[in-house]
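Heads up, target39.cif below (mmCIF, C-alpha atoms and all ligand atoms):
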```cif
data_query
loop_
_atom_site.label_atom_id
_atom_site.label_comp_id
_atom_site.auth_asym_id
_atom_site.auth_seq_id
_atom_site.Cartn_x
_atom_site.Cartn_y
_atom_site.Cartn_z
CA MET P 1 88.98 199.20 -4.70
CA LYS P 2 86.70 200.39 -7.48
CA THR P 3 87.27 203.57 -9.47
CA LYS P 4 85.45 205.39 -12.23
CA ALA P 5 87.52 205.79 -15.40
CA ALA P 6 87.26 206.59 -19.11
CA ILE P 7 88.41 203.54 -21.05
CA ALA P 8 90.01 203.60 -24.49
CA TRP P 9 89.02 200.17 -25.79
CA LYS P 10 90.23 200.65 -29.36
CA ALA P 11 92.07 203.22 -31.49
CA GLY P 12 89.77 205.84 -32.97
CA GLN P 13 86.75 204.98 -30.77
CA PRO P 14 85.18 207.33 -28.19
CA LEU P 15 86.08 206.62 -24.56
CA THR P 16 83.52 204.86 -22.36
CA ILE P 17 83.00 205.54 -18.66
CA GLU P 18 83.19 202.38 -16.59
CA GLU P 19 83.84 201.07 -13.12
CA VAL P 20 87.33 199.62 -12.95
CA GLU P 21 89.03 197.48 -10.30
CA LEU P 22 92.18 199.15 -8.94
CA GLY P 23 94.81 197.19 -7.01
CA GLY P 24 96.36 198.90 -3.96
CA PRO P 25 99.84 200.49 -3.89
CA ARG P 26 102.77 198.07 -3.64
CA ALA P 27 106.31 198.89 -2.45
CA GLY P 28 107.38 202.36 -3.59
CA GLU P 29 103.89 203.13 -4.94
CA VAL P 30 101.23 205.67 -4.02
CA LEU P 31 97.43 205.72 -4.38
CA VAL P 32 96.23 209.12 -5.59
CA GLU P 33 92.74 210.55 -5.96
CA ILE P 34 92.78 212.62 -9.15
CA LYS P 35 90.73 215.78 -8.70
CA ALA P 36 91.12 217.26 -12.19
CA THR P 37 92.84 216.45 -15.49
CA GLY P 38 93.50 218.33 -18.69
CA ILE P 39 93.11 216.78 -22.14
CA CYS P 40 96.31 217.18 -24.17
CA HIS P 41 96.78 216.69 -27.90
CA THR P 42 99.00 213.71 -27.08
CA ASP P 43 96.00 211.87 -25.58
CA TYR P 44 94.23 212.39 -28.90
CA TYR P 45 97.36 211.30 -30.81
CA THR P 46 97.53 208.01 -28.92
CA LEU P 47 93.78 207.44 -29.14
CA SER P 48 93.93 208.05 -32.90
CA GLY P 49 96.24 205.04 -33.33
CA ALA P 50 99.23 207.12 -34.52
CA ASP P 51 101.39 206.39 -31.43
CA PRO P 52 103.62 203.32 -31.93
CA GLU P 53 103.40 202.79 -28.16
CA GLY P 54 99.60 203.11 -28.17
CA ILE P 55 98.16 200.10 -26.37
CA PHE P 56 94.51 199.15 -25.83
CA PRO P 57 92.45 198.77 -23.73
CA SER P 58 93.99 201.51 -21.66
CA ILE P 59 93.19 204.51 -19.50
CA LEU P 60 94.65 207.65 -21.10
CA GLY P 61 95.36 211.02 -19.48
CA HIS P 62 98.63 212.52 -18.26
CA GLU P 63 97.79 216.08 -17.11
CA GLY P 64 96.35 215.62 -13.63
CA ALA P 65 96.46 216.86 -10.06
CA GLY P 66 95.16 215.24 -6.90
CA VAL P 67 95.62 214.06 -3.33
CA VAL P 68 97.54 211.12 -1.83
CA VAL P 69 95.10 208.63 -0.33
CA ASP P 70 97.49 205.87 0.72
CA VAL P 71 101.14 204.92 0.39
CA GLY P 72 102.72 201.48 -0.06
CA PRO P 73 105.73 200.14 1.87
CA ASP P 74 109.05 202.02 1.54
CA VAL P 75 107.48 205.30 0.38
CA LYS P 76 109.49 208.03 2.09
CA SER P 77 108.82 211.39 0.47
CA LEU P 78 105.00 211.42 0.47
CA LYS P 79 102.20 210.87 2.98
CA LYS P 80 98.41 210.72 3.04
CA ASN P 81 96.73 214.07 2.14
CA ASP P 82 99.76 215.47 0.31
CA HIS P 83 98.80 217.32 -2.88
CA VAL P 84 100.53 216.00 -5.99
CA ILE P 85 100.93 216.23 -9.75
CA PRO P 86 101.64 212.89 -11.50
CA LEU P 87 104.72 212.92 -13.75
CA TYR P 88 104.92 211.07 -17.06
CA THR P 89 108.61 211.97 -16.91
CA PRO P 90 109.62 210.77 -13.44
CA GLU P 91 112.69 211.87 -11.52
CA CYS P 92 114.39 209.03 -9.62
CA ARG P 93 117.59 211.04 -8.96
CA GLN P 94 119.57 207.78 -9.20
CA CYS P 95 119.67 206.56 -12.81
CA LYS P 96 122.44 207.43 -15.28
CA PHE P 97 120.14 209.96 -16.95
CA CYS P 98 119.19 211.79 -13.73
CA LEU P 99 122.77 211.76 -12.45
CA SER P 100 124.12 213.14 -15.74
CA GLN P 101 122.41 216.50 -15.03
CA LYS P 102 122.25 216.75 -18.85
CA THR P 103 118.67 215.60 -19.38
CA ASN P 104 115.30 215.33 -17.66
CA LEU P 105 114.59 211.98 -19.32
CA CYS P 106 114.77 209.70 -16.26
CA GLN P 107 114.81 206.16 -17.61
CA SER P 108 114.35 204.17 -14.40
CA ILE P 109 110.81 202.99 -15.29
CA ARG P 110 110.62 203.97 -18.98
CA SER P 111 110.45 200.45 -20.44
CA THR P 112 107.50 199.23 -18.32
CA GLN P 113 105.79 202.62 -18.64
CA GLY P 114 105.98 202.35 -22.44
CA ARG P 115 104.30 198.92 -22.22
CA GLY P 116 101.41 200.29 -20.14
CA LEU P 117 102.59 198.61 -16.94
CA MET P 118 103.75 199.48 -13.44
CA PRO P 119 107.50 198.99 -12.68
CA ASP P 120 106.86 195.38 -11.54
CA ALA P 121 105.47 194.69 -15.05
CA THR P 122 101.85 194.27 -13.94
CA SER P 123 98.79 196.48 -14.31
CA ARG P 124 96.82 197.75 -11.29
CA PHE P 125 93.68 198.26 -13.43
CA SER P 126 91.31 195.47 -14.45
CA ILE P 127 87.70 194.82 -15.47
CA ASP P 128 86.23 191.35 -14.82
CA GLY P 129 89.75 190.09 -14.13
CA LYS P 130 91.11 191.28 -17.49
CA PRO P 131 93.94 193.84 -17.31
CA ILE P 132 93.44 197.39 -18.57
CA PHE P 133 96.74 199.11 -19.42
CA HIS P 134 98.17 202.24 -17.83
CA TYR P 135 99.19 205.17 -20.08
CA MET P 136 102.34 207.29 -19.75
CA GLY P 137 102.57 206.00 -16.18
CA THR P 138 99.75 208.34 -15.16
CA SER P 139 96.26 207.40 -16.53
CA THR P 140 94.65 210.54 -15.15
CA PHE P 141 91.34 209.75 -16.89
CA SER P 142 90.77 207.52 -13.85
CA ASN P 143 89.46 209.06 -10.61
CA TYR P 144 91.98 206.99 -8.60
CA ILE P 145 95.40 205.87 -9.82
CA VAL P 146 98.44 204.07 -8.46
CA VAL P 147 101.81 205.58 -9.41
CA PRO P 148 105.41 205.14 -8.32
CA GLU P 149 106.61 207.66 -5.73
CA ILE P 150 109.29 208.89 -8.17
CA ALA P 151 106.52 209.91 -10.59
CA LEU P 152 104.80 212.38 -8.24
CA ALA P 153 105.66 216.03 -7.62
CA LYS P 154 104.51 217.28 -4.21
CA ILE P 155 102.88 220.69 -4.57
CA ARG P 156 101.55 223.36 -2.18
CA GLU P 157 98.09 222.77 -0.75
CA ASP P 158 96.55 226.13 -1.67
CA ALA P 159 96.99 225.56 -5.43
CA PRO P 160 93.66 224.86 -7.19
CA PHE P 161 93.58 221.38 -8.75
CA ASP P 162 91.40 222.48 -11.69
CA LYS P 163 94.13 224.92 -12.82
CA VAL P 164 97.45 223.37 -11.79
CA CYS P 165 96.59 220.02 -13.39
CA TYR P 166 97.66 221.77 -16.63
CA ILE P 167 101.18 222.05 -15.18
CA GLY P 168 101.26 218.23 -15.43
CA CYS P 169 101.98 218.65 -19.14
CA GLY P 170 101.08 221.70 -21.27
CA VAL P 171 102.30 224.56 -19.07
CA THR P 172 105.56 222.86 -18.10
CA THR P 173 106.20 221.70 -21.68
CA GLY P 174 105.81 225.18 -23.19
CA VAL P 175 107.35 227.24 -20.40
CA GLY P 176 110.14 224.71 -19.80
CA ALA P 177 111.09 224.55 -23.48
CA VAL P 178 111.82 228.30 -23.33
CA LEU P 179 113.54 228.37 -19.93
CA PHE P 180 115.25 224.97 -19.64
CA THR P 181 115.76 223.68 -23.19
CA ALA P 182 116.39 226.80 -25.29
CA LYS P 183 117.33 229.16 -22.44
CA VAL P 184 115.95 232.10 -24.42
CA GLU P 185 117.56 235.41 -23.46
CA ALA P 186 116.06 238.90 -23.24
CA GLY P 187 115.94 240.65 -26.61
CA ALA P 188 115.79 237.43 -28.66
CA ASN P 189 113.39 237.01 -31.59
CA VAL P 190 111.15 233.97 -31.10
CA VAL P 191 108.83 232.14 -33.51
CA VAL P 192 106.13 229.74 -32.36
CA PHE P 193 104.49 227.32 -34.80
CA GLY P 194 101.10 226.19 -33.45
CA LEU P 195 99.22 228.40 -30.98
CA GLY P 196 97.41 225.71 -29.00
CA GLY P 197 97.77 224.47 -25.44
CA ILE P 198 101.56 224.19 -25.77
CA GLY P 199 102.40 227.07 -28.12
CA LEU P 200 100.59 229.67 -25.99
CA ASN P 201 102.70 228.63 -23.02
CA VAL P 202 105.85 229.05 -25.13
CA ILE P 203 104.59 232.55 -25.93
CA GLN P 204 103.96 233.51 -22.30
CA ALA P 205 107.41 232.25 -21.26
CA ALA P 206 109.07 234.12 -24.15
CA ARG P 207 107.40 237.32 -22.92
CA MET P 208 108.41 236.49 -19.33
CA VAL P 209 112.13 236.35 -20.26
CA GLY P 210 111.90 239.59 -22.25
CA ALA P 211 111.96 238.36 -25.85
CA ASP P 212 111.77 241.09 -28.49
CA LYS P 213 109.61 239.92 -31.41
CA ILE P 214 107.35 236.94 -30.67
CA ILE P 215 105.92 235.69 -33.96
CA GLY P 216 103.07 233.17 -33.95
CA VAL P 217 102.16 230.91 -36.89
CA ASP P 218 98.85 229.06 -37.11
CA ILE P 219 96.21 228.07 -39.64
CA ASN P 220 93.40 229.00 -37.25
CA PRO P 221 92.88 232.80 -37.30
CA ALA P 222 90.82 232.53 -34.11
CA ARG P 223 94.08 231.87 -32.25
CA GLU P 224 95.46 235.36 -32.96
CA ALA P 225 93.58 237.28 -30.24
CA MET P 226 94.48 234.87 -27.44
CA ALA P 227 98.12 234.70 -28.57
CA ARG P 228 98.41 238.51 -28.60
CA LYS P 229 97.03 238.58 -25.05
CA PHE P 230 99.84 236.22 -24.02
CA GLY P 231 102.60 238.27 -25.67
CA MET P 232 102.64 237.50 -29.41
CA THR P 233 103.73 240.60 -31.36
CA HIS P 234 103.19 239.37 -34.96
CA PHE P 235 100.81 236.76 -36.41
CA ILE P 236 101.26 234.75 -39.62
CA ASN P 237 98.24 232.89 -40.95
CA ALA P 238 99.96 229.94 -42.63
CA LYS P 239 96.95 229.42 -44.88
CA GLU P 240 97.27 232.91 -46.34
CA GLU P 241 101.07 233.38 -46.39
CA LYS P 242 102.73 232.03 -49.56
CA ASN P 243 106.15 231.52 -47.99
CA VAL P 244 106.14 231.36 -44.20
CA VAL P 245 109.94 231.02 -43.93
CA ASP P 246 110.61 234.11 -46.05
CA ALA P 247 107.99 236.07 -44.12
CA ILE P 248 109.74 235.26 -40.82
CA ILE P 249 113.19 236.04 -42.21
CA GLY P 250 111.83 239.39 -43.39
CA LEU P 251 110.35 240.21 -39.99
CA THR P 252 113.50 239.29 -38.03
CA ASP P 253 116.37 240.80 -40.02
CA GLY P 254 117.66 237.43 -41.24
CA GLY P 255 115.92 234.82 -39.12
CA ALA P 256 114.70 233.86 -35.68
CA ASP P 257 117.03 233.36 -32.74
CA TYR P 258 114.74 230.60 -31.50
CA SER P 259 111.80 228.75 -33.03
CA PHE P 260 109.47 226.23 -31.40
CA GLU P 261 107.39 223.67 -33.31
CA CYS P 262 104.25 222.94 -31.27
CA ILE P 263 102.14 221.10 -33.85
CA GLY P 264 103.66 217.69 -34.58
CA ASN P 265 103.83 218.25 -38.35
CA THR P 266 107.07 217.41 -40.17
CA THR P 267 106.54 220.15 -42.80
CA THR P 268 106.31 222.85 -40.13
CA MET P 269 109.29 221.29 -38.31
CA ARG P 270 111.35 221.95 -41.45
CA GLN P 271 110.01 225.49 -41.74
CA ALA P 272 110.80 226.07 -38.07
CA LEU P 273 114.44 225.10 -38.61
CA GLU P 274 114.85 227.00 -41.88
CA CYS P 275 113.40 230.27 -40.53
CA CYS P 276 116.22 230.38 -37.94
CA HIS P 277 119.10 232.82 -38.20
CA LYS P 278 122.27 231.65 -39.93
CA GLY P 279 125.11 230.99 -37.51
CA TRP P 280 123.12 230.57 -34.28
CA GLY P 281 119.36 230.10 -34.65
CA GLN P 282 117.98 227.19 -32.66
CA SER P 283 114.79 225.29 -33.46
CA ILE P 284 113.13 223.27 -30.73
CA VAL P 285 110.84 220.38 -31.74
CA ILE P 286 108.06 219.93 -29.19
CA GLY P 287 105.26 218.52 -31.38
CA VAL P 288 104.92 214.74 -31.57
CA ALA P 289 104.72 213.46 -35.15
CA ALA P 290 102.84 210.31 -36.13
CA ALA P 291 104.49 206.90 -36.33
CA GLY P 292 106.79 206.46 -39.33
CA GLN P 293 107.17 210.19 -40.09
CA GLU P 294 110.64 211.61 -40.72
CA ILE P 295 112.06 215.13 -40.77
CA SER P 296 114.37 216.46 -43.46
CA THR P 297 116.33 219.55 -44.39
CA ARG P 298 119.44 220.29 -46.42
CA PRO P 299 122.45 219.47 -44.20
CA PHE P 300 123.84 222.88 -45.20
CA GLN P 301 121.24 224.40 -42.86
CA LEU P 302 123.09 222.76 -39.95
CA VAL P 303 126.59 223.30 -41.39
CA THR P 304 125.80 227.00 -41.42
CA GLY P 305 125.03 227.07 -37.74
CA ARG P 306 121.33 226.39 -37.27
CA VAL P 307 120.65 223.91 -34.46
CA TRP P 308 117.84 221.35 -34.27
CA LYS P 309 116.87 220.24 -30.75
CA GLY P 310 113.97 218.40 -29.13
CA SER P 311 112.25 219.00 -25.83
CA ALA P 312 110.17 216.55 -23.78
CA PHE P 313 108.19 217.87 -20.81
CA GLY P 314 110.01 221.16 -21.37
CA GLY P 315 113.28 219.71 -20.14
CA ALA P 316 111.82 219.96 -16.63
CA ARG P 317 112.91 217.66 -13.79
CA GLY P 318 109.44 217.01 -12.46
CA ARG P 319 109.87 216.59 -8.71
CA THR P 320 112.27 219.56 -8.60
CA ASP P 321 110.78 221.97 -11.13
CA VAL P 322 107.00 221.35 -11.09
CA PRO P 323 106.52 222.70 -7.51
CA LYS P 324 108.39 225.87 -8.61
CA ILE P 325 106.13 226.27 -11.65
CA VAL P 326 103.11 225.94 -9.35
CA ASP P 327 104.60 228.78 -7.28
CA TRP P 328 105.03 230.93 -10.41
CA TYR P 329 101.34 230.44 -11.17
CA MET P 330 100.30 231.19 -7.59
CA ASP P 331 102.51 234.33 -7.63
CA GLY P 332 100.76 235.57 -10.80
CA LYS P 333 103.80 235.14 -13.05
CA LEU P 334 102.01 232.63 -15.30
CA ASN P 335 98.47 232.88 -16.62
CA ILE P 336 96.81 229.48 -16.65
CA ASP P 337 93.19 230.48 -16.03
CA ASP P 338 92.58 232.06 -19.45
CA LEU P 339 93.95 229.01 -21.28
CA ILE P 340 91.41 226.70 -19.64
CA THR P 341 88.52 227.38 -21.95
CA HIS P 342 86.26 224.44 -21.06
CA ARG P 343 85.44 222.43 -17.92
CA LEU P 344 83.62 219.10 -18.13
CA PRO P 345 82.61 216.19 -15.91
CA LEU P 346 84.25 212.83 -16.77
CA GLU P 347 80.99 211.66 -18.38
CA ARG P 348 81.50 214.34 -21.10
CA ILE P 349 85.19 213.71 -21.75
CA ASN P 350 84.61 212.87 -25.43
CA GLU P 351 83.28 216.41 -25.94
CA GLY P 352 86.71 217.62 -24.76
CA PHE P 353 88.34 215.70 -27.62
CA ASP P 354 85.79 217.12 -30.09
CA LEU P 355 86.47 220.69 -28.89
CA MET P 356 90.21 220.13 -29.43
CA LYS P 357 89.74 218.68 -32.93
CA SER P 358 87.47 221.55 -34.01
CA GLY P 359 89.94 224.15 -32.68
CA GLU P 360 87.32 225.60 -30.29
CA SER P 361 89.18 224.89 -27.05
CA ILE P 362 92.68 225.69 -25.86
CA ARG P 363 92.48 223.34 -22.88
CA SER P 364 89.50 221.38 -21.63
CA VAL P 365 89.76 220.23 -18.03
CA VAL P 366 87.81 217.30 -16.62
CA ILE P 367 86.69 217.84 -13.02
CA TYR P 368 86.01 214.70 -10.97
P1 LIG G 401 96.64 221.80 -29.87
O1 LIG G 401 95.75 220.96 -30.69
O2 LIG G 401 96.09 222.52 -28.68
O3 LIG G 401 97.38 222.92 -30.77
C1 LIG G 401 97.89 222.69 -32.04
C2 LIG G 401 97.84 224.01 -32.82
O4 LIG G 401 98.51 223.82 -34.06
C3 LIG G 401 96.41 224.48 -33.14
O5 LIG G 401 96.26 225.83 -32.81
C4 LIG G 401 96.32 224.26 -34.65
O6 LIG G 401 95.43 225.17 -35.28
C5 LIG G 401 97.75 224.47 -35.09
N1 LIG G 401 98.08 223.84 -36.38
C6 LIG G 401 97.70 222.61 -36.82
N2 LIG G 401 98.24 222.38 -38.05
C7 LIG G 401 98.97 223.49 -38.37
C8 LIG G 401 99.76 223.86 -39.50
N3 LIG G 401 99.92 223.05 -40.53
N4 LIG G 401 100.38 225.08 -39.48
C9 LIG G 401 100.22 225.92 -38.43
N5 LIG G 401 99.47 225.61 -37.34
C10 LIG G 401 98.87 224.41 -37.30
O7 LIG G 401 97.83 220.84 -29.40
P2 LIG G 401 98.77 220.99 -28.11
O8 LIG G 401 98.15 220.33 -26.94
O9 LIG G 401 99.24 222.40 -28.04
O10 LIG G 401 99.98 220.04 -28.57
C11 LIG G 401 100.81 220.43 -29.64
C12 LIG G 401 101.80 219.32 -30.00
O11 LIG G 401 102.72 219.16 -28.92
C13 LIG G 401 101.16 217.95 -30.20
O12 LIG G 401 101.88 217.28 -31.22
C14 LIG G 401 101.41 217.26 -28.87
O13 LIG G 401 101.39 215.85 -29.00
C15 LIG G 401 102.77 217.79 -28.54
N6 LIG G 401 103.21 217.75 -27.14
C16 LIG G 401 104.52 217.48 -26.92
C17 LIG G 401 105.01 217.49 -25.63
C18 LIG G 401 106.45 217.22 -25.37
O14 LIG G 401 106.83 217.00 -24.22
N7 LIG G 401 107.31 217.25 -26.38
C19 LIG G 401 104.14 217.75 -24.56
C20 LIG G 401 102.81 218.04 -24.84
C21 LIG G 401 102.35 218.05 -26.14
N1 LIG G 402 104.50 207.18 -26.74
C1 LIG G 402 104.84 208.34 -25.98
C2 LIG G 402 104.03 209.52 -26.43
C3 LIG G 402 104.81 210.29 -27.43
C4 LIG G 402 105.78 211.30 -26.82
O1 LIG G 402 106.68 211.70 -27.50
N2 LIG G 402 105.60 211.74 -25.59
C5 LIG G 402 106.34 212.88 -25.08
C6 LIG G 402 105.46 213.62 -24.19
S1 LIG G 402 104.08 214.25 -25.02
C7 LIG G 402 103.17 214.81 -23.75
O2 LIG G 402 102.05 215.37 -24.22
C8 LIG G 402 107.52 212.48 -24.23
O3 LIG G 402 107.93 213.16 -23.34
N3 LIG G 402 108.14 211.45 -24.51
C9 LIG G 402 109.29 211.04 -23.76
C10 LIG G 402 109.41 209.58 -23.84
O4 LIG G 402 110.29 209.06 -23.17
O5 LIG G 402 108.59 208.97 -24.54
C11 LIG G 402 104.54 208.11 -24.52
O6 LIG G 402 104.98 208.94 -23.73
O7 LIG G 402 103.86 207.11 -24.20
ZN ZN G 403 100.64 216.28 -22.97
#
```
Starting from the file, lay out its structure as structure tokens.
Ligand code: NAD
Ligand code: AHE
Ligand code: ZN
Amino acid sequence: MKTKAAIAWKAGQPLTIEEVELGGPRAGEVLVEIKATGICHTDYYTLSGADPEGIFPSILGHEGAGVVVDVGPDVKSLKKNDHVIPLYTPECRQCKFCLSQKTNLCQSIRSTQGRGLMPDATSRFSIDGKPIFHYMGTSTFSNYIVVPEIALAKIREDAPFDKVCYIGCGVTTGVGAVLFTAKVEAGANVVVFGLGGIGLNVIQAARMVGADKIIGVDINPAREAMARKFGMTHFINAKEEKNVVDAIIGLTDGGADYSFECIGNTTTMRQALECCHKGWGQSIVIGVAAAGQEISTRPFQLVTGRVWKGSAFGGARGRTDVPKIVDWYMDGKLNIDDLITHRLPLERINEGFDLMKSGESIRSVVIY
């Protein structure tokens, strides 16, 4: 079949809207009509050329929601008309990683996914017979996609696609990092570096679990008002504060119980660790740093009890946890609507990237 998609032909170039040939679902695969997709900073990161796994030409996008149109042989858990969210972190429930119950990083299709291919090592997308690569196993900047069954979360049918698409990455990443990775407890002091599409979700989850101080750090003062609305109690403008770490230690009687880096900058990753409380403070790295970057600190920071952790997709097991997060939104426990600041048709997707780069948007959502 044919589908409309935004193609990334080359690093650093705007996307172009084209008609693409899409092969049908093979065994264990599902054809999905994407109804809406968010634009995440990671799409920009890969498009910029900074992602070592970045591969071109490809169809980016990993924050979508849509409807099952057809299923291939052997698909058991999904049927036509089911509503779904594609998962860049699948959940096969059979691999060593899934069975360990210690991680959400299912590895059953990770190697082909990282090479822009389906699990049988081929691409379903092509133009004039030449393959176009998949991205993160999802490629939600295409109106129709083919994905493995294990990479789809079935969600309730009354959830609006143009809002819950954001649960496909940003909401789950931020909320999950608080609930599943850090397991923040009531009364804890929390610091969030970067108040964008991820950081604001960390803030709303920290408020949800009853955190005490919730300190936000950003270089964009326009982020303060929105962050306060979501639960931030103190704001530090990193451009104006001479020593961000000392300022946080001063505000928290010795350091944060938990910090979250939601920028992808190795300098702020170090600050996020070093502003943590001696003996127990945990710093969670969420931001994705560019290829070749390294983090550093004095080992004494770790010897004296601070803990450095990472979190991918908020530690969420997609098929299990994403439907629950959709319920939390539908029950009014999570605010997604106010974070979606811009809505665009696919033809204007490049404007969504511009709005992100200029700091004007929190999340732009493309509506098909
Ligand atoms: P965003 O662009 O919406 O937000 C980034 C925020 O950081 C902005 O508010 C910006 O002003 C602020 N910022 C930039 N430089 C800063 C600095 N030096 N000091 C303080 N603040 C600074 O991005 P996003 O969509 O929220 O994504 C944030 C990061 O998280 C990206 O690196 C993205 O790739 C990553 N990410 C990781 C996961 C994961 O699973 N680990 C999932 C989604 C996104
Ligand atoms: N090359 C990676 C993108 C970089 C990355 O770290 N991705 C995060 C998710 S960011 C979502 O906005 C991730 O979860 N990585 C886990 C993994 O196994 O790479 C990619 O995913 O293509
Ligand atoms: Zn993302």
Env. residues ligand LIG 401 (chain G) / 7 Å / only C-alpha atoms and all ligand atoms / as an MDAnalysis selection string: chainID P and resid 40:42 45 169:170 173 193:199 217:220 223 238 262:265 268 286:289 311:314 356:357 359 362:363
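Distance check against ligand LIG 402 (chain G) using all atoms listed in the file: of P:Gly281, P:Gly310, P:Lys213, P:Ile7, the minimum falls on P:Gly310.
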Taking only C-alpha atoms into account, name the residue in P:Thr266, P:Glu347, P:Asp51, P:Lys80 that is nearest to Glu294 (chain P). P:Thr266
Given all atoms listed in the file as the basis, pick out the residue of P:Leu152, P:Ala206, P:Leu15, P:Leu200 nearest to Lys229 (chain P). P:Leu200
Which residues come within 10 Å of His134 (chain P), counting all atoms listed in the file, excluding same-chain residues fewer than 3 positions away, as a PDB file with C-alpha atoms, keeping the file's coordinate frame?
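After the write, result-v5.pdb holds the following:
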```pdb
ATOM      1  CA  ILE P  55      98.160 200.100 -26.370  1.00  0.00           C
ATOM      2  CA  PHE P  56      94.510 199.150 -25.830  1.00  0.00           C
ATOM      3  CA  PRO P  57      92.450 198.770 -23.730  1.00  0.00           C
ATOM      4  CA  SER P  58      93.990 201.510 -21.660  1.00  0.00           C
ATOM      5  CA  ILE P  59      93.190 204.510 -19.500  1.00  0.00           C
ATOM      6  CA  LEU P  60      94.650 207.650 -21.100  1.00  0.00           C
ATOM      7  CA  GLY P  61      95.360 211.020 -19.480  1.00  0.00           C
ATOM      8  CA  THR P 112     107.500 199.230 -18.320  1.00  0.00           C
ATOM      9  CA  GLN P 113     105.790 202.620 -18.640  1.00  0.00           C
ATOM     10  CA  GLY P 114     105.980 202.350 -22.440  1.00  0.00           C
ATOM     11  CA  ARG P 115     104.300 198.920 -22.220  1.00  0.00           C
ATOM     12  CA  GLY P 116     101.410 200.290 -20.140  1.00  0.00           C
ATOM     13  CA  LEU P 117     102.590 198.610 -16.940  1.00  0.00           C
ATOM     14  CA  MET P 118     103.750 199.480 -13.440  1.00  0.00           C
ATOM     15  CA  THR P 122     101.850 194.270 -13.940  1.00  0.00           C
ATOM     16  CA  SER P 123      98.790 196.480 -14.310  1.00  0.00           C
ATOM     17  CA  ARG P 124      96.820 197.750 -11.290  1.00  0.00           C
ATOM     18  CA  PHE P 125      93.680 198.260 -13.430  1.00  0.00           C
ATOM     19  CA  PRO P 131      93.940 193.840 -17.310  1.00  0.00           C
ATOM     20  CA  GLY P 137     102.570 206.000 -16.180  1.00  0.00           C
ATOM     21  CA  THR P 138      99.750 208.340 -15.160  1.00  0.00           C
ATOM     22  CA  SER P 139      96.260 207.400 -16.530  1.00  0.00           C
ATOM     23  CA  THR P 140      94.650 210.540 -15.150  1.00  0.00           C
ATOM     24  CA  SER P 142      90.770 207.520 -13.850  1.00  0.00           C
ATOM     25  CA  ILE P 145      95.400 205.870  -9.820  1.00  0.00           C
ATOM     26  CA  VAL P 146      98.440 204.070  -8.460  1.00  0.00           C
ATOM     27  CA  VAL P 147     101.810 205.580  -9.410  1.00  0.00           C
TER      28      VAL P 147
END
```
Hey, can you check how far CA of Glu91 (chain P) sits from CA of Pro323 (chain P)?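 CA of Pro323 (chain P) lies at a distance of 13.1 Å from CA of Glu91 (chain P).
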What is the CA of Ala27 (chain P) to CA of Thr172 (chain P) distance in Å?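 Between CA of Ala27 (chain P) and CA of Thr172 (chain P) the gap is 28.6 Å.
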Between CA of Asn143 (chain P) and CA of Ile34 (chain P), what is the distance, to one decimal in Å? 5.1 Å
Please identify all polymer residues lying at most 9 Å from the point (85.5, 228.7, -22.0) (file coordinates), using all atoms listed in the file, and present the result as a PDB file with C-alpha atoms, in the frame of the given file.
```
ATOM      1  CA  ASP P 338      92.580 232.060 -19.450  1.00  0.00           C
ATOM      2  CA  LEU P 339      93.950 229.010 -21.280  1.00  0.00           C
ATOM      3  CA  ILE P 340      91.410 226.700 -19.640  1.00  0.00           C
ATOM      4  CA  THR P 341      88.520 227.380 -21.950  1.00  0.00           C
ATOM      5  CA  HIS P 342      86.260 224.440 -21.060  1.00  0.00           C
ATOM      6  CA  ARG P 343      85.440 222.430 -17.920  1.00  0.00           C
ATOM      7  CA  SER P 361      89.180 224.890 -27.050  1.00  0.00           C
ATOM      8  CA  ILE P 362      92.680 225.690 -25.860  1.00  0.00           C
ATOM      9  CA  ARG P 363      92.480 223.340 -22.880  1.00  0.00           C
ATOM     10  CA  SER P 364      89.500 221.380 -21.630  1.00  0.00           C
TER      11      SER P 364
END
```
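Restricting the calculation to all atoms listed in the file, the smallest distance between ligand LIG 402 (chain G) and any of P:Glu33, P:Glu21, P:Asp43, P:Glu360 is found for P:Asp43.
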Taking into account all atoms listed in the file, which residue in the set P:Gln107, P:Thr16, P:Thr3, P:Thr37 is nearest to ligand LIG 402 (chain G)? P:Gln107
Name all residues at most 10 Å from Val171 (chain P) (count only C-alpha atoms; drop same-chain ones fewer than 2 positions away) and give them as an MDAnalysis selection string. chainID P and resid 63 164:169 173:177 197:202 204:205 313:314 322 325:326 329 334:336 339
Restricting the calculation to only C-alpha atoms: of P:Ala153, P:Val84, P:Ile127, P:Ile349, which residue gets closest to Met1 (chain P)?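 Nearest to Met1 (chain P): P:Ile127.
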Anything within 9 Å of (107.3, 212.0, -9.9): list those residues as a VMD selection string, counting only C-alpha atoms and sticking to the file's coordinates. chain P and resid 84 to 92 147 to 154 317 to 319
Box along x, y and z, 3 Å on every side, all listed atoms of region 144-151 of chain P inside: centre and edge lengths in Å to one decimal, as JSON.
```
{"center_x": 100.6, "center_y": 207.0, "center_z": -8.2, "size_x": 23.3, "size_y": 11.8, "size_z": 10.9}
```
